[in-house]
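Enquirer: Have a look at the structure that comes next, please.
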Amino acid sequence: MTDLTRRMIIVGNWKMFTDREDGPVLAAELVHLVDDLGLDIDLVVCPPFTGLHAVSEGLNGSCIALGGQNMHWSTEGAYTGEVSPRMLLTSGCRYVILGHSERRTYFGETNEMVNRKVRSALTAGLTPIMCIGETLAEREAGETEAVVATQVEEGVQGLDADGVEKMVLAYEPIWAIGTGQVATPAQANAVHHHIRHVLTGLFGRDTASILRIQYGGSVKPDNAAALFSESEIDGALVGGASLDASSFIAIARAVLGRS
Ligand code: 13P
C-alpha cells in the first residue's frame, strides 16, 4: 500500500552537461514551467559545480532546490580538484548526489568512501542522495538483492536512525542508465521493497518506512507515471530527460497519476 507520508522527490542530474550559458537558460525555463504546477513534491536540480552559482541565482524564489553531484568528505584541505560540503552549502545547495554509479565505475568510489561522504553531508546539513544499483551481469547472475543490500549496509554504516531518515536513496540499475532500457515498474518496486527490508533489519520499521527511495535509469515522461504508481517508488533521479525543461516537468507532473 502507498505510504502517503513519504513526499515524492524528483531530482535532475545534469551530469557533465550545461555551461555558464545554457545552465541558467535551463533553470529559467524550469522556473517558468513549474510556476503553475501546484504539486506538493520536492524538485531538485544538480548542475555541474561551475554552474551552481548562476543556477542558484536563477532558481531563487522558486520551489526548485539545488544539489551538487559529488563532494569530498573533508571540511577543507589540500585535496586538489575536490569540493567540500560547506562549499556546496554556501553555493546554495541543500542536496548532494553521492556514490553515483558513474563515480563508482570511472572514479573508483567504494562503499566505504560513499559512507564517509554520506556521514559528512549529514553532519554539514546537506541531504545525501545515495545511489546504489547492480550491473547487468550481477542481475543476470541473480545477485541484485545481495549487491544492493551490501551497498546499503556499507553506505549507512555508523549512522543512527535519525540520520537515515534524512537521507534519500536512489536505486539506479546500471544497465538502465542512459540506455533507454528502463526497469519495469514491478522490477524496480521489488528492489525498493528489498532495500526497505534491509533497512528494517538495521534500523527498524519506522525508520525504513520514512526514508525515500527514488528510481533512476532512463526515466522519461512516458514511463514515469507507471513507475510512480508503485507503492515503494518515491520519486525519480533523472539524467538525460532532466536536460529538457518540458520533459523534466512532465515527469514531475506524472506524480499526479499516483494514487
Ligand atoms: P538517465 O536518466 O539518462 O538514464 O540517467 C539516469 C541517471 O544516471 C541519473 O542519475
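Just so we're on the same page: first chain in the C-alpha cells is A, next is B, and so on; residues restart at 1 for each chain, and ligands are numbered from 1 in the order they show up.
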Would you mind listing the residues within 7 Å of ligand 1, counting only C-alpha atoms and all ligand atoms, as a list in words?
Expert: Asn13, His100, Glu172, Ala176, Ile177, Gly178, Thr179, Gly180, Gly216, Gly217, Ser218, Val219, Leu237, Val238, Gly239, Gly240 and Ala241 of chain A
Enquirer: Name the residues of region 26-221 of chain A that come out as helix (DSSP H, G or I) in a backbone DSSP run; write them as an MDAnalysis selection string.
Expert: chainID A and resid 26:34 49:59 85:90 101:107 111:124 136:140 144:155 161:166 174:176 185:203 205:210 221
Enquirer: Grab the residues selected above and save them as an mmCIF file, in the first residue's frame with C-alpha atoms.
Expert:
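File produced: result-v9.cif:
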data_model
loop_
_atom_site.group_PDB
_atom_site.id
_atom_site.type_symbol
_atom_site.label_atom_id
_atom_site.label_comp_id
_atom_site.auth_asym_id
_atom_site.auth_seq_id
_atom_site.Cartn_x
_atom_site.Cartn_y
_atom_site.Cartn_z
ATOM 1 C CA LEU A 26 17.514 25.723 -18.484
ATOM 2 C CA ALA A 27 16.952 26.933 -14.918
ATOM 3 C CA ALA A 28 14.840 29.846 -16.178
ATOM 4 C CA GLU A 29 12.728 27.511 -18.331
ATOM 5 C CA LEU A 30 12.156 25.250 -15.341
ATOM 6 C CA VAL A 31 11.149 28.130 -13.100
ATOM 7 C CA HIS A 32 8.707 29.309 -15.750
ATOM 8 C CA LEU A 33 7.150 25.858 -16.264
ATOM 9 C CA VAL A 34 6.994 24.952 -12.589
ATOM 10 C CA PHE A 49 29.899 22.626 -9.876
ATOM 11 C CA THR A 50 30.759 25.531 -12.176
ATOM 12 C CA GLY A 51 27.062 26.140 -12.791
ATOM 13 C CA LEU A 52 25.911 26.094 -9.174
ATOM 14 C CA HIS A 53 26.198 29.797 -8.529
ATOM 15 C CA ALA A 54 24.375 31.009 -11.631
ATOM 16 C CA VAL A 55 21.696 28.328 -11.443
ATOM 17 C CA SER A 56 21.182 29.067 -7.759
ATOM 18 C CA GLU A 57 20.500 32.711 -8.610
ATOM 19 C CA GLY A 58 18.113 31.656 -11.373
ATOM 20 C CA LEU A 59 16.169 29.349 -9.060
ATOM 21 C CA PRO A 85 30.210 20.111 1.921
ATOM 22 C CA ARG A 86 30.451 23.719 3.035
ATOM 23 C CA MET A 87 31.328 24.872 -0.480
ATOM 24 C CA LEU A 88 28.140 23.227 -1.706
ATOM 25 C CA LEU A 89 26.085 24.741 1.100
ATOM 26 C CA THR A 90 27.405 28.228 0.511
ATOM 27 C CA SER A 101 27.471 4.567 -10.457
ATOM 28 C CA GLU A 102 29.484 6.789 -12.793
ATOM 29 C CA ARG A 103 31.556 7.895 -9.766
ATOM 30 C CA ARG A 104 31.924 4.285 -8.666
ATOM 31 C CA THR A 105 32.779 2.971 -12.133
ATOM 32 C CA TYR A 106 35.011 5.717 -13.561
ATOM 33 C CA PHE A 107 36.491 7.237 -10.402
ATOM 34 C CA ASN A 111 31.087 1.811 -0.465
ATOM 35 C CA GLU A 112 33.465 2.948 2.269
ATOM 36 C CA MET A 113 34.174 6.249 0.513
ATOM 37 C CA VAL A 114 30.488 6.761 -0.164
ATOM 38 C CA ASN A 115 29.772 6.125 3.503
ATOM 39 C CA ARG A 116 32.282 8.782 4.575
ATOM 40 C CA LYS A 117 30.656 11.234 2.203
ATOM 41 C CA VAL A 118 27.140 10.407 3.408
ATOM 42 C CA ARG A 119 28.118 10.939 7.046
ATOM 43 C CA SER A 120 29.896 14.177 6.226
ATOM 44 C CA ALA A 121 26.941 15.502 4.196
ATOM 45 C CA LEU A 122 24.539 14.815 7.065
ATOM 46 C CA THR A 123 26.849 16.477 9.568
ATOM 47 C CA ALA A 124 27.035 19.537 7.325
ATOM 48 C CA LEU A 136 23.623 -6.266 -15.909
ATOM 49 C CA ALA A 137 25.971 -9.167 -15.174
ATOM 50 C CA GLU A 138 25.015 -9.062 -11.487
ATOM 51 C CA ARG A 139 21.313 -9.015 -12.347
ATOM 52 C CA GLU A 140 21.685 -11.923 -14.749
ATOM 53 C CA THR A 144 20.768 -7.954 -7.453
ATOM 54 C CA GLU A 145 19.413 -8.277 -3.921
ATOM 55 C CA ALA A 146 22.796 -9.163 -2.428
ATOM 56 C CA VAL A 147 24.586 -6.339 -4.261
ATOM 57 C CA VAL A 148 22.165 -3.600 -3.232
ATOM 58 C CA ALA A 149 21.983 -4.960 0.331
ATOM 59 C CA THR A 150 25.763 -4.647 0.665
ATOM 60 C CA GLN A 151 25.742 -1.169 -0.853
ATOM 61 C CA VAL A 152 23.043 -0.091 1.612
ATOM 62 C CA GLU A 153 24.612 -1.749 4.663
ATOM 63 C CA GLU A 154 28.085 -0.354 3.985
ATOM 64 C CA GLY A 155 26.771 3.012 2.828
ATOM 65 C CA ALA A 161 18.100 6.223 12.681
ATOM 66 C CA ASP A 162 17.781 9.985 12.680
ATOM 67 C CA GLY A 163 20.464 10.306 10.003
ATOM 68 C CA VAL A 164 18.996 7.543 7.878
ATOM 69 C CA GLU A 165 15.567 9.149 7.942
ATOM 70 C CA LYS A 166 17.050 12.330 6.466
ATOM 71 C CA ILE A 174 23.439 0.396 -14.068
ATOM 72 C CA TRP A 175 22.043 -1.384 -17.108
ATOM 73 C CA ALA A 176 19.209 1.156 -17.237
ATOM 74 C CA PRO A 185 7.804 -0.787 -12.531
ATOM 75 C CA ALA A 186 7.465 -4.227 -10.944
ATOM 76 C CA GLN A 187 11.222 -4.896 -11.152
ATOM 77 C CA ALA A 188 12.050 -1.542 -9.605
ATOM 78 C CA ASN A 189 9.393 -1.882 -6.929
ATOM 79 C CA ALA A 190 10.671 -5.321 -5.936
ATOM 80 C CA VAL A 191 14.206 -3.987 -5.407
ATOM 81 C CA HIS A 192 12.897 -0.968 -3.468
ATOM 82 C CA HIS A 193 10.914 -3.351 -1.294
ATOM 83 C CA HIS A 194 14.040 -5.357 -0.660
ATOM 84 C CA ILE A 195 16.014 -2.209 0.216
ATOM 85 C CA ARG A 196 13.350 -1.264 2.755
ATOM 86 C CA HIS A 197 13.526 -4.774 4.154
ATOM 87 C CA VAL A 198 17.293 -4.416 4.616
ATOM 88 C CA LEU A 199 16.803 -1.046 6.327
ATOM 89 C CA THR A 200 14.112 -2.509 8.571
ATOM 90 C CA GLY A 201 16.628 -5.085 9.756
ATOM 91 C CA LEU A 202 19.166 -2.380 10.500
ATOM 92 C CA PHE A 203 17.059 0.446 11.899
ATOM 93 C CA ARG A 205 10.325 -0.496 10.558
ATOM 94 C CA ASP A 206 9.557 3.145 11.337
ATOM 95 C CA THR A 207 12.862 4.459 10.049
ATOM 96 C CA ALA A 208 12.734 2.212 6.995
ATOM 97 C CA SER A 209 9.288 3.493 6.105
ATOM 98 C CA ILE A 210 10.308 7.159 6.391
ATOM 99 C CA PRO A 221 7.738 11.428 -19.405
#
Enquirer: Run DSSP on the backbone and give me the residues of region 123-215 of chain A it puts in strand (DSSP E or B), as JSON, numbers by chain.
Expert: {"A": [127, 128, 129, 130, 131, 132, 168, 169, 170, 171, 212, 213, 214, 215]}
Enquirer: Could you jot down the CA of Ser246 (chain A) to CA of Asp222 (chain A) separation for me, Å, one decimal place?
Expert: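 About the pair CA of Ser246 (chain A) and CA of Asp222 (chain A): they are 12.5 Å apart.
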Enquirer: To one decimal place in Å, what is the distance between CA of Ile251 (chain A) and CA of Leu39 (chain A)?
Expert: 11.8 Å
Enquirer: What is the distance, in Å and to one decimal place, between CA of Asp22 (chain A) and CA of Glu109 (chain A)?
Expert: 29.4 Å
Enquirer: Between A:Ile41, A:Lys220, A:Ser74, A:Gly68, which has the minimum distance to Ala245 (chain A) (counting only C-alpha atoms)?
Expert: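 Smallest separation from Ala245 (chain A) among the options: A:Lys220.
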Enquirer: Can you work out which one of A:Thr5, A:Asn60, A:Ser242, A:Ser247 has the shortest atom-to-atom distance to Phe17 (chain A), counting only C-alpha atoms?
Expert: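 Ranking A:Thr5, A:Asn60, A:Ser242, A:Ser247 by distance to Phe17 (chain A), first place goes to A:Ser242.
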Enquirer: Nearest to Thr127 (chain A) among A:Val44, A:Val168, A:Val25, A:Leu159, with distances taken over only C-alpha atoms: which residue is it?
Expert: A:Val168
Enquirer: Write out as a ChimeraX atom specification which residues come within 12 Å of Gly81 (chain A) when counting only C-alpha atoms, dropping same-chain ones fewer than 2 positions away.
Expert: /A:49,70-72,76-79,83-84
